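Visitor: For reference, this is upload.txt, and it has compact mmCIF, C-alpha atoms and all ligand atoms.
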```txt
# COMPACT_ATOMS: atom_id res chain seq x y z
CA MET A 286 -7.09 -2.05 -3.52
CA SER A 287 -4.04 0.02 -2.59
CA ASN A 288 -3.48 0.99 1.04
CA LEU A 289 -2.80 4.58 0.02
CA GLU A 290 -3.92 6.40 -3.08
CA ILE A 291 -3.02 10.04 -3.63
CA VAL A 292 -4.90 11.39 -6.62
CA ASP A 293 -3.94 14.70 -8.21
CA VAL A 294 -3.12 16.44 -4.95
CA SER A 295 -2.04 20.07 -5.13
CA HIS A 296 -1.51 22.36 -2.17
CA ALA A 297 -0.90 26.07 -1.74
CA TYR A 298 -0.31 28.21 1.32
CA GLY A 299 -2.00 31.40 0.18
CA PRO A 300 -0.27 32.39 -3.05
CA LYS A 301 2.63 29.98 -2.45
CA LYS A 302 2.16 26.82 -4.53
CA VAL A 303 3.85 23.90 -2.80
CA LEU A 304 2.45 20.64 -4.24
CA ASN A 305 1.65 20.31 -7.93
CA HIS A 306 -0.53 17.39 -9.07
CA VAL A 307 1.00 14.72 -6.87
CA ASN A 308 -0.10 11.15 -7.66
CA LEU A 309 1.05 8.12 -5.71
CA ARG A 310 -0.27 4.67 -5.08
CA VAL A 311 1.19 2.49 -2.31
CA GLY A 312 0.34 -1.20 -2.05
CA ALA A 313 0.09 -3.22 1.17
CA GLY A 314 3.50 -4.16 2.54
CA GLN A 315 5.54 -1.57 0.68
CA VAL A 316 8.13 0.46 2.56
CA VAL A 317 8.48 3.72 0.66
CA ALA A 318 11.28 6.20 1.33
CA LEU A 319 10.16 9.75 0.52
CA VAL A 320 13.03 12.10 -0.24
CA GLY A 321 13.34 15.58 -1.68
CA PRO A 322 15.08 18.93 -1.34
CA SER A 323 14.50 20.84 1.87
CA GLY A 324 11.23 22.80 1.70
CA CYS A 325 9.83 20.86 -1.28
CA GLY A 326 6.66 19.88 0.59
CA LYS A 327 7.29 16.46 2.15
CA SER A 328 5.73 17.45 5.47
CA THR A 329 2.83 19.11 3.63
CA LEU A 330 2.19 15.82 1.85
CA LEU A 331 2.44 13.83 5.11
CA ARG A 332 -0.05 16.17 6.77
CA ALA A 333 -2.49 15.63 3.89
CA ILE A 334 -2.16 11.84 4.32
CA LEU A 335 -2.55 12.19 8.07
CA GLY A 336 -5.67 14.31 7.59
CA THR A 337 -4.60 17.16 9.86
CA HIS A 338 -4.22 19.57 6.89
CA PRO A 339 -6.18 18.29 3.87
CA SER A 340 -4.81 19.45 0.52
CA THR A 341 -6.37 22.35 -1.34
CA GLU A 342 -6.99 20.12 -4.41
CA GLY A 343 -7.18 16.40 -5.05
CA THR A 344 -7.94 13.36 -2.93
CA VAL A 345 -6.12 11.15 -0.47
CA MET A 346 -7.60 7.69 0.06
CA VAL A 347 -6.44 5.27 2.75
CA GLY A 348 -7.86 1.76 2.62
CA GLY A 349 -10.43 2.99 0.09
CA GLN A 350 -11.73 5.78 2.37
CA GLU A 351 -11.13 9.45 1.67
CA VAL A 352 -9.02 11.08 4.38
CA ILE A 353 -10.64 14.26 5.63
CA ARG A 354 -9.51 14.17 9.25
CA PRO A 355 -7.01 12.18 11.34
CA ASN A 356 -8.11 8.59 11.83
CA ARG A 357 -6.72 5.34 13.17
CA ASP A 358 -5.88 4.00 9.69
CA VAL A 359 -2.93 6.38 9.53
CA GLY A 360 -0.20 6.32 12.18
CA ILE A 361 2.72 8.67 12.51
CA VAL A 362 6.02 8.76 14.38
CA TYR A 363 7.99 12.01 14.47
CA GLN A 364 11.66 12.69 15.06
CA HIS A 365 10.97 13.83 18.61
CA TYR A 366 9.34 11.07 20.56
CA SER A 367 6.18 11.92 22.38
CA LEU A 368 5.78 9.22 24.99
CA TYR A 369 3.81 9.59 28.22
CA GLU A 370 6.49 10.04 30.87
CA PHE A 371 4.31 8.59 33.64
CA LEU A 372 3.68 5.29 31.81
CA THR A 373 6.05 2.34 31.34
CA ALA A 374 7.03 1.14 27.87
CA ARG A 375 4.25 -1.47 27.77
CA GLU A 376 1.68 0.95 29.19
CA ASN A 377 2.67 3.52 26.57
CA VAL A 378 2.26 0.96 23.79
CA ALA A 379 -1.10 -0.26 25.15
CA PHE A 380 -2.45 3.26 25.66
CA GLY A 381 -3.90 3.77 22.18
CA LEU A 382 -5.77 0.46 22.32
CA MET A 383 -7.26 1.39 25.67
CA LEU A 384 -8.51 4.74 24.36
CA ASP A 385 -9.81 3.10 21.21
CA GLN A 386 -11.64 0.22 22.86
CA THR A 387 -12.91 1.61 26.16
CA SER A 388 -14.67 4.75 27.36
CA THR A 389 -14.29 6.51 30.70
CA PRO A 390 -17.71 5.24 31.99
CA TYR A 391 -16.70 1.72 30.94
CA ARG A 392 -13.43 1.99 32.87
CA TRP A 393 -15.26 3.30 35.96
CA PHE A 394 -18.34 1.11 36.02
CA MET A 395 -17.24 -2.15 34.33
CA TYR A 396 -14.20 -2.62 36.49
CA PHE A 397 -13.73 -6.37 36.03
CA GLY A 398 -14.35 -6.24 32.26
CA TRP A 399 -11.90 -3.36 32.09
CA ARG A 400 -9.25 -5.25 34.09
CA LYS A 401 -9.52 -8.21 31.72
CA LEU A 402 -9.30 -6.00 28.63
CA ARG A 403 -6.36 -4.13 30.11
CA LYS A 404 -4.50 -7.40 30.64
CA GLN A 405 -5.10 -8.30 26.98
CA HIS A 406 -3.89 -4.88 25.83
CA LEU A 407 -0.71 -5.18 27.90
CA GLU A 408 -0.08 -8.66 26.46
CA GLN A 409 -0.53 -7.27 22.95
CA ALA A 410 1.84 -4.43 23.85
CA ASP A 411 4.43 -7.02 24.91
CA GLU A 412 4.16 -8.68 21.49
CA PHE A 413 4.83 -5.37 19.74
CA LEU A 414 7.70 -4.58 22.10
CA LYS A 415 9.22 -7.92 21.08
CA LYS A 416 8.91 -6.92 17.42
CA VAL A 417 10.92 -3.75 18.04
CA GLY A 418 13.45 -5.57 20.25
CA LEU A 419 12.45 -3.93 23.51
CA TYR A 420 10.62 -6.61 25.47
CA ALA A 421 13.29 -6.70 28.19
CA ALA A 422 12.70 -2.98 28.89
CA ARG A 423 8.91 -3.26 29.00
CA ASP A 424 8.64 -2.01 32.59
CA GLN A 425 10.96 0.96 32.17
CA TYR A 426 9.73 4.55 32.12
CA PRO A 427 10.74 6.88 29.25
CA SER A 428 13.09 8.79 31.58
CA GLN A 429 15.05 5.53 32.04
CA MET A 430 15.41 4.94 28.28
CA SER A 431 17.86 6.12 25.62
CA GLY A 432 16.65 8.07 22.57
CA GLY A 433 16.77 4.93 20.42
CA MET A 434 14.71 2.96 22.96
CA ARG A 435 12.10 5.70 23.12
CA GLN A 436 11.84 5.73 19.34
CA ARG A 437 11.32 1.95 19.34
CA VAL A 438 8.49 2.39 21.85
CA ALA A 439 6.96 5.12 19.67
CA ILE A 440 7.06 2.79 16.67
CA ALA A 441 5.48 -0.08 18.66
CA GLN A 442 2.86 2.40 19.91
CA ALA A 443 1.97 3.24 16.31
CA LEU A 444 2.11 -0.35 15.02
CA ILE A 445 -0.20 -1.78 17.68
CA MET A 446 -3.06 0.25 16.17
CA GLU A 447 -2.52 -1.70 12.92
CA PRO A 448 -2.62 1.39 10.71
CA LYS A 449 -3.17 0.88 6.96
CA ILE A 450 -0.23 3.20 6.56
CA LEU A 451 2.47 4.25 9.01
CA LEU A 452 4.23 7.56 8.39
CA LEU A 453 7.73 7.92 9.81
CA ASP A 454 8.82 11.57 9.65
CA GLU A 455 12.61 11.67 10.02
CA PRO A 456 12.22 9.08 12.78
CA PHE A 457 15.92 8.54 13.40
CA GLY A 458 17.07 12.12 12.74
CA ALA A 459 17.92 12.86 16.36
CA LEU A 460 19.88 9.64 16.97
CA ASP A 461 23.59 8.97 16.80
CA GLU A 462 24.94 6.96 13.88
CA ALA A 463 25.21 3.59 15.67
CA THR A 464 21.71 3.80 17.17
CA ARG A 465 20.35 4.90 13.82
CA GLU A 466 21.81 1.77 12.20
CA GLU A 467 20.24 -0.45 14.88
CA LEU A 468 16.83 1.08 14.17
CA GLN A 469 17.30 0.68 10.43
CA LEU A 470 17.92 -3.03 11.05
CA MET A 471 14.76 -3.12 13.16
CA LEU A 472 12.82 -1.80 10.15
CA LEU A 473 14.37 -4.48 7.95
CA ARG A 474 13.21 -7.10 10.47
CA LEU A 475 9.67 -5.76 10.28
CA TYR A 476 9.94 -5.88 6.48
CA GLU A 477 10.86 -9.56 6.73
CA GLU A 478 7.43 -10.12 8.30
CA ASN A 479 5.93 -8.60 5.15
CA VAL A 480 7.97 -10.97 2.99
CA ARG A 481 6.89 -13.94 5.11
CA ALA A 482 3.23 -12.89 4.95
CA ARG A 483 3.40 -12.57 1.17
CA SER A 484 4.94 -16.01 0.80
CA GLU A 485 2.05 -17.42 2.86
CA ASN A 486 -0.57 -15.51 0.85
CA ARG A 487 -1.42 -13.27 3.79
CA THR A 488 -1.71 -9.49 3.59
CA PRO A 489 1.65 -8.04 4.62
CA PRO A 490 1.16 -6.18 7.92
CA TYR A 491 3.36 -3.11 7.59
CA THR A 492 2.93 -0.41 4.96
CA VAL A 493 5.27 2.48 5.64
CA ILE A 494 6.30 5.84 4.24
CA ILE A 495 9.56 7.03 5.76
CA VAL A 496 10.75 10.59 5.17
CA THR A 497 14.48 10.90 5.49
CA HIS A 498 17.19 13.35 4.48
CA GLU A 499 19.74 10.53 4.46
CA LEU A 500 19.85 8.94 1.01
CA ASN A 501 21.82 5.90 2.23
CA GLU A 502 19.10 5.30 4.80
CA ALA A 503 16.38 5.79 2.18
CA LEU A 504 17.88 3.18 -0.12
CA PHE A 505 18.76 0.78 2.70
CA VAL A 506 15.45 0.53 4.55
CA SER A 507 12.93 0.87 1.73
CA ASP A 508 11.84 -1.29 -1.18
CA ARG A 509 10.79 1.79 -3.17
CA VAL A 510 12.15 5.33 -3.33
CA VAL A 511 9.93 8.27 -4.19
CA GLY A 512 11.42 11.70 -4.90
CA LEU A 513 9.34 14.83 -4.49
CA SER A 514 10.89 17.92 -6.06
CA GLN A 515 10.26 21.37 -7.39
CA TYR A 516 13.03 20.85 -9.94
CA HIS A 517 10.98 19.84 -12.97
CA ASN A 518 9.49 21.50 -16.04
CA ASP A 519 6.44 22.88 -14.20
CA GLY A 520 8.29 23.55 -10.96
CA GLU A 521 7.04 27.13 -10.57
CA ASN A 522 3.66 25.61 -9.71
CA GLY A 523 5.10 23.45 -6.97
CA ALA A 524 6.78 20.12 -6.36
CA THR A 525 5.65 16.86 -7.84
CA ILE A 526 6.86 13.28 -7.90
CA VAL A 527 9.86 13.21 -10.20
CA TYR A 528 11.29 9.86 -9.10
CA ASP A 529 9.63 6.59 -8.21
CA ARG A 530 11.72 3.45 -8.58
CA PRO A 531 12.24 0.16 -6.71
CA ALA A 532 15.10 0.11 -4.18
CA PRO A 533 17.29 -2.92 -3.45
CA VAL A 534 15.93 -5.06 -0.63
CA PHE A 535 18.36 -5.89 2.18
CA LYS A 536 18.13 -8.56 4.86
CA PRO A 537 18.95 -7.53 8.41
CA ASP A 538 21.63 -10.22 8.82
CA GLU A 539 23.41 -9.33 5.55
CA PRO A 540 26.40 -6.97 5.53
CA LYS A 541 25.33 -3.41 4.71
CA ASP A 542 26.77 -3.36 1.19
CA LEU A 543 26.46 0.28 0.08
CA SER A 544 27.93 -0.55 -3.33
CA ARG A 545 24.58 -2.13 -4.20
CA PHE A 546 23.03 1.30 -4.48
CA VAL A 547 25.84 3.67 -5.45
CA GLU A 548 24.51 4.12 -8.99
CA GLN A 549 20.95 4.59 -7.85
CA LYS A 550 22.02 7.17 -5.30
CA GLU A 551 23.75 9.19 -8.02
CA GLU A 552 20.66 8.91 -10.22
CA LEU A 553 18.50 10.09 -7.33
CA ILE A 554 20.75 13.09 -6.64
CA ARG A 555 20.55 14.16 -10.30
CA ALA A 556 16.83 13.48 -10.76
CA VAL A 557 15.52 14.89 -7.48
CA PHE A 558 18.05 17.29 -5.99
CA SER A 559 19.66 18.97 -9.00
CA PRO A 560 18.09 22.36 -9.87
CA THR A 561 19.73 22.33 -13.28
CA PHE A 562 18.93 18.79 -14.47
CA GLN A 563 16.00 19.71 -16.71
CA LYS A 564 13.79 16.76 -17.45
CA ASP A 565 10.37 15.47 -18.20
CA HIS A 566 9.27 14.55 -14.68
CA ARG A 567 7.85 11.20 -15.82
CA GLN A 568 11.22 9.86 -16.89
CA PHE A 569 12.06 8.28 -13.52
CA VAL A 570 8.49 7.59 -12.38
CA THR A 571 8.56 3.95 -13.35
CA PHE A 572 7.92 1.94 -10.19
CA TRP A 573 4.83 0.07 -11.34
CA GLN A 574 6.26 -0.72 -14.78
CA GLU A 575 9.47 -2.04 -13.22
CA ASN A 576 7.86 -4.01 -10.43
CA LYS A 577 6.48 -6.93 -12.37
CA LYS A 578 5.54 -8.84 -9.20
CA GLN A 579 2.62 -6.51 -8.55
CA PRO A 580 -0.88 -7.48 -9.64
CA VAL A 581 -1.80 -6.45 -13.20
CA GLU A 582 -4.28 -3.78 -12.14
CA GLU A 583 -1.50 -1.91 -10.35
CA THR A 584 0.63 -1.46 -13.49
CA SER A 585 -1.20 1.49 -15.05
CA GLU A 586 0.83 4.46 -13.96
CA VAL A 587 -0.06 7.77 -12.61
CA ASN A 588 1.29 11.28 -13.01
N1 LIG B 1 1.74 26.71 7.45
C1 LIG B 1 2.46 27.21 6.45
N2 LIG B 1 2.21 28.45 5.95
C2 LIG B 1 2.93 28.96 4.92
N3 LIG B 1 3.93 28.30 4.30
C3 LIG B 1 4.23 27.07 4.76
C4 LIG B 1 3.51 26.45 5.85
N4 LIG B 1 4.03 25.23 6.08
C5 LIG B 1 5.02 25.07 5.18
N5 LIG B 1 5.14 26.17 4.39
C6 LIG B 1 6.08 26.34 3.26
O1 LIG B 1 5.79 25.34 2.33
C7 LIG B 1 7.00 24.81 1.78
C8 LIG B 1 7.03 23.31 2.02
O2 LIG B 1 7.18 23.07 3.43
P1 LIG B 1 7.30 21.60 4.03
O3 LIG B 1 7.56 21.75 5.48
O4 LIG B 1 6.15 20.79 3.61
O5 LIG B 1 8.62 21.09 3.27
P2 LIG B 1 9.58 19.87 3.62
O6 LIG B 1 9.94 19.24 2.33
O7 LIG B 1 8.96 19.00 4.64
O8 LIG B 1 10.83 20.63 4.25
P3 LIG B 1 12.04 20.04 5.13
O9 LIG B 1 12.69 18.97 4.33
O10 LIG B 1 12.94 21.24 5.30
O11 LIG B 1 11.44 19.56 6.42
C9 LIG B 1 8.13 25.56 2.44
O12 LIG B 1 8.54 26.60 1.57
C10 LIG B 1 7.54 26.13 3.69
O13 LIG B 1 8.14 27.35 4.03
```
Could you write out this file's structure as C-alpha cells?
Guide:
Amino acid sequence: MSNLEIVDVSHAYGPKKVLNHVNLRVGAGQVVALVGPSGCGKSTLLRAILGTHPSTEGTVMVGGQEVIRPNRDVGIVYQHYSLYEFLTARENVAFGLMLDQTSTPYRWFMYFGWRKLRKQHLEQADEFLKKVGLYAARDQYPSQMSGGMRQRVAIAQALIMEPKILLLDEPFGALDEATREELQLMLLRLYEENVRARSENRTPPYTVIIVTHELNEALFVSDRVVGLSQYHNDGENGATIVYDRPAPVFKPDEPKDLSRFVEQKEELIRAVFSPTFQKDHRQFVTFWQENKKQPVEETSEVN
C-alpha cells in the first residue's frame, strides 16, 4: 500500500480550473520534490492532501484512508515557522504528542500519570531534536534561535507525530543560502535513515513532499521530482502532472556535485516551465517504469 495515493483529482475555484486529473502515488520512504510554474496549483494540491480544502473531484488517500479533513497522518511545515514563543525547543516538539495523548481533565486530575507521560514526551522530543541537529539548543526559546534553528524545530515538531506523509511547503524559502544548504543536508541525513531502514527490511520512516521554487534544491534533496504544470495539451482545463522521474540520490558527506543533474534540470525546465514546449503530458511521467527497485504492483502507471 502506498503512503499517499492521489486519484484523478481536479480542482476549480468557481469557474477557474486549477487542477486537471492529477494522479500520483508515493511509496513509503520517498522524498518527492514538487515543482511547477508560479500559480500552477501546488498549494492547492497540498491543501487537498492536508485535508483543509478537499478537491472538487477525485480522491486523496493517505495510508489507505480517504482524506476529508486534517488528521495526524499528514504533517506540514510552512516557510514561516509557527512555534509557540513561550515554549522551549523540546517543549515545542513535545507539544503535539501531549495534545494527542492527554486531555485537559487527565492533566488536571491524573497529575502523577501526566508527569510521567510528560517526561516520556520530552525524552522523545530530545530524540527528534538530535535527528535535526538541535539537541544542544533544546532548552532555548524561539526568540533565542535563528531562522534555520526554528525551522529545524518545526520539522522535528512535525516528525515526532510520525505522519504517513510530511508536506514541506517552501520550508527553506526565507533562509539565507548557507543556512538553506545546512537544512538540505539535514534532509539528506533523514533520508539516510530511510535507506538504512530499507536495508534492514523495515518500513522507511520519512515520506516527504517538498515544494520548492529552487530546482537545484529539488534535485539535490529528493529521490523523485514531480512537475505540476498548466503547459500541456489540455492546459486550459488546469495543471496536471507533466513530469515524474527519479532524481539522483546524494549523501550528506559527499561534495554537492551539481553536474550530476545539469541535464535533468534542463529537461525539467523544458518539460514543466516552458509554455511553448508542446507535448503529450505522459512523456516524462515515467517514475514507476524507471524505478525498477519498487515492488511489482507499483509499476502500473497512472495519468
Ligand atoms: N481561494 C482561492 N480562490 C480563488 N482562486 C484561488 C484561490 N487560491 C488559489 N487560487 C488561484 O488558483 C491558482 C493556483 O494557486 P496556488 O496557490 O495553488 O498555486 P501555486 O502553484 O502554489 O503558486 P505559487 O507557486 O505562486 O505559490 C492561482 O491562479 C491562484 O490565483
Visitor: Got a sec to check which residues lie within 6 Å of ligand LIG 1 (chain B), using all atoms listed in the file, and send them as number ranges by chain?
Guide: A: 298, 303, 323-329
Visitor: To one decimal place, how far is atom CA of Asn377 of chain A from atom CA of Leu414 of chain A in Å?
Guide: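 One can read the atom CA of Asn377 of chain A to atom CA of Leu414 of chain A distance as 10.5 Å.
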Visitor: Set up a box along x, y and z of the file covering all listed atoms of segment 563-573 of chain A, add 8 Å on every one of the six sides, and write the centre and edge lengths in Å to one decimal, as JSON.
Guide:
```
{"center_x": 10.4, "center_y": 9.9, "center_z": -14.2, "size_x": 27.2, "size_y": 35.6, "size_z": 24.0}
```
Visitor: Could you name the residues that touch segment 527-543 of chain A at 6 Å or less, counting all atoms listed in the file, but leaving out those on the same chain fewer than 5 positions away, as a list in words?
Guide: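 What passes the distance filter is Leu470, Leu473, Leu504, Asp508, Arg509, Val510, Val511, Gly512, Leu513, His566, Phe569, Val570, Thr571 and Phe572 of chain A.
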Visitor: Only C-alpha atoms, please: the residues just picked out, written as a PDB file, keeping the file's coordinate frame.
Guide:
```
ATOM      1  CA  LEU A 470      17.920  -3.030  11.050  1.00  0.00           C
ATOM      2  CA  LEU A 473      14.370  -4.480   7.950  1.00  0.00           C
ATOM      3  CA  LEU A 504      17.880   3.180  -0.120  1.00  0.00           C
ATOM      4  CA  ASP A 508      11.840  -1.290  -1.180  1.00  0.00           C
ATOM      5  CA  ARG A 509      10.790   1.790  -3.170  1.00  0.00           C
ATOM      6  CA  VAL A 510      12.150   5.330  -3.330  1.00  0.00           C
ATOM      7  CA  VAL A 511       9.930   8.270  -4.190  1.00  0.00           C
ATOM      8  CA  GLY A 512      11.420  11.700  -4.900  1.00  0.00           C
ATOM      9  CA  LEU A 513       9.340  14.830  -4.490  1.00  0.00           C
ATOM     10  CA  HIS A 566       9.270  14.550 -14.680  1.00  0.00           C
ATOM     11  CA  PHE A 569      12.060   8.280 -13.520  1.00  0.00           C
ATOM     12  CA  VAL A 570       8.490   7.590 -12.380  1.00  0.00           C
ATOM     13  CA  THR A 571       8.560   3.950 -13.350  1.00  0.00           C
ATOM     14  CA  PHE A 572       7.920   1.940 -10.190  1.00  0.00           C
TER      15      PHE A 572
END
```
Visitor: Show me the residues around (-9.4, 18.3, -2.5) - criterion: an atom at most 9 Å away, only C-alpha atoms counted - as a PyMOL selection string.
Guide: chain A and resi 293-296+339-345
Visitor: Measure the distance from atom CA of Gly433 of chain A to atom CA of Gln405 of chain A in Å and round it to one decimal.
Guide: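 We find that atom CA of Gly433 of chain A and atom CA of Gln405 of chain A lie 26.4 Å from each other.
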Visitor: Sort by chain and increasing residue number a table of all residues of segment 302-357 of chain A within 6 Å of segment 489-503 of chain A, each with its closest pair of atoms and their distance in Å to one decimal, counting only C-alpha atoms, and write it as JSON lines.
Guide:
```
{"residue": "A:Ala313", "atom": "CA", "partner": "A:Thr492", "partner_atom": "CA", "distance": 5.5}
{"residue": "A:Gly314", "atom": "CA", "partner": "A:Thr492", "partner_atom": "CA", "distance": 4.5}
{"residue": "A:Gln315", "atom": "CA", "partner": "A:Thr492", "partner_atom": "CA", "distance": 5.1}
{"residue": "A:Val316", "atom": "CA", "partner": "A:Val493", "partner_atom": "CA", "distance": 4.7}
{"residue": "A:Val317", "atom": "CA", "partner": "A:Ile494", "partner_atom": "CA", "distance": 4.7}
{"residue": "A:Ala318", "atom": "CA", "partner": "A:Ile495", "partner_atom": "CA", "distance": 4.8}
{"residue": "A:Leu319", "atom": "CA", "partner": "A:Val496", "partner_atom": "CA", "distance": 4.8}
```
Visitor: Do you have the atom CA of Val547 of chain A-atom CA of Ser559 of chain A distance handy?
Guide: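 Atom CA of Val547 of chain A sits 16.9 Å away from atom CA of Ser559 of chain A.
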Visitor: Using all atoms listed in the file, which residue out of A:Ile334, A:Leu402, A:Tyr369, A:Glu552 lies closest to Glu290 of chain A?
Guide: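 Nearest candidate to Glu290 of chain A out of A:Ile334, A:Leu402, A:Tyr369, A:Glu552: A:Ile334.
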Visitor: Give me the residues near Thr561 of chain A as a list of chain:residue names, where near means some atom within 12 Å (using all atoms listed in the file) and where sequence neighbours in that chain fewer than 2 positions away do not count.
Guide: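 Within the cut-off, the hits are A:Gln515, A:Tyr516, A:His517, A:Asn518, A:Gly520, A:Ile554, A:Arg555, A:Ala556, A:Val557, A:Phe558, A:Ser559, A:Gln563, A:Lys564.
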Visitor: Hey, which of A:Glu370, A:Asp454, A:Ile526, A:Lys449 ends up closest to Thr488 of chain A? Count all atoms listed in the file.
Guide: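 Of the candidates, the smallest distance to Thr488 of chain A is held by A:Lys449.
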Visitor: Using only C-alpha atoms, can you tell me which of A:Leu453, A:Met446, A:Leu419, A:Val352 comes closest to Ile291 of chain A?
Guide: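 Smallest separation from Ile291 of chain A among the options: A:Val352.
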Visitor: Using only C-alpha atoms, find the one residue out of A:Pro427, A:Pro300, A:Gly458, A:Gly432 that sits nearest to Ala374 of chain A.
Guide: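 Using only C-alpha atoms, Ala374 of chain A sits closest to A:Pro427.
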Visitor: In terms of the shortest atom-to-atom distance over only C-alpha atoms, which of A:Glu485, A:Asn305, A:Leu289, A:Phe562 is closest to Gly523 of chain A?
Guide: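 Selected residue with least distance to Gly523 of chain A: A:Asn305.
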Visitor: Kindly reconstruct segment 372-385 of chain A with N, CA and C atoms and present the result as a tab-separated table (two decimals), in the frame of the given file.
Guide:
```
chain	number	residue	atom	x	y	z
A	372	LEU	N	4.05	6.67	32.14
A	372	LEU	CA	3.68	5.29	31.81
A	372	LEU	C	4.93	4.50	31.43
A	373	THR	N	4.93	3.20	31.75
A	373	THR	CA	6.05	2.34	31.34
A	373	THR	C	5.96	2.09	29.84
A	374	ALA	N	7.01	1.43	29.31
A	374	ALA	CA	7.03	1.14	27.87
A	374	ALA	C	5.76	0.40	27.45
A	375	ARG	N	5.41	-0.66	28.21
A	375	ARG	CA	4.25	-1.47	27.77
A	375	ARG	C	2.96	-0.71	27.97
A	376	GLU	N	2.89	0.14	29.00
A	376	GLU	CA	1.68	0.95	29.19
A	376	GLU	C	1.55	1.99	28.08
A	377	ASN	N	2.69	2.58	27.68
A	377	ASN	CA	2.67	3.52	26.57
A	377	ASN	C	2.15	2.85	25.30
A	378	VAL	N	2.65	1.64	25.03
A	378	VAL	CA	2.26	0.96	23.79
A	378	VAL	C	0.78	0.57	23.84
A	379	ALA	N	0.31	0.18	25.02
A	379	ALA	CA	-1.10	-0.26	25.15
A	379	ALA	C	-2.08	0.91	25.18
A	380	PHE	N	-1.57	2.11	25.39
A	380	PHE	CA	-2.45	3.26	25.66
A	380	PHE	C	-3.47	3.53	24.55
A	381	GLY	N	-3.00	3.48	23.31
A	381	GLY	CA	-3.90	3.77	22.18
A	381	GLY	C	-5.04	2.77	22.10
A	382	LEU	N	-4.73	1.49	22.36
A	382	LEU	CA	-5.77	0.46	22.32
A	382	LEU	C	-6.82	0.73	23.38
A	383	MET	N	-6.32	1.13	24.57
A	383	MET	CA	-7.26	1.39	25.67
A	383	MET	C	-8.21	2.53	25.29
A	384	LEU	N	-7.65	3.61	24.74
A	384	LEU	CA	-8.51	4.74	24.36
A	384	LEU	C	-9.49	4.33	23.27
A	385	ASP	N	-8.99	3.48	22.35
A	385	ASP	CA	-9.81	3.10	21.21
A	385	ASP	C	-10.95	2.16	21.61
```
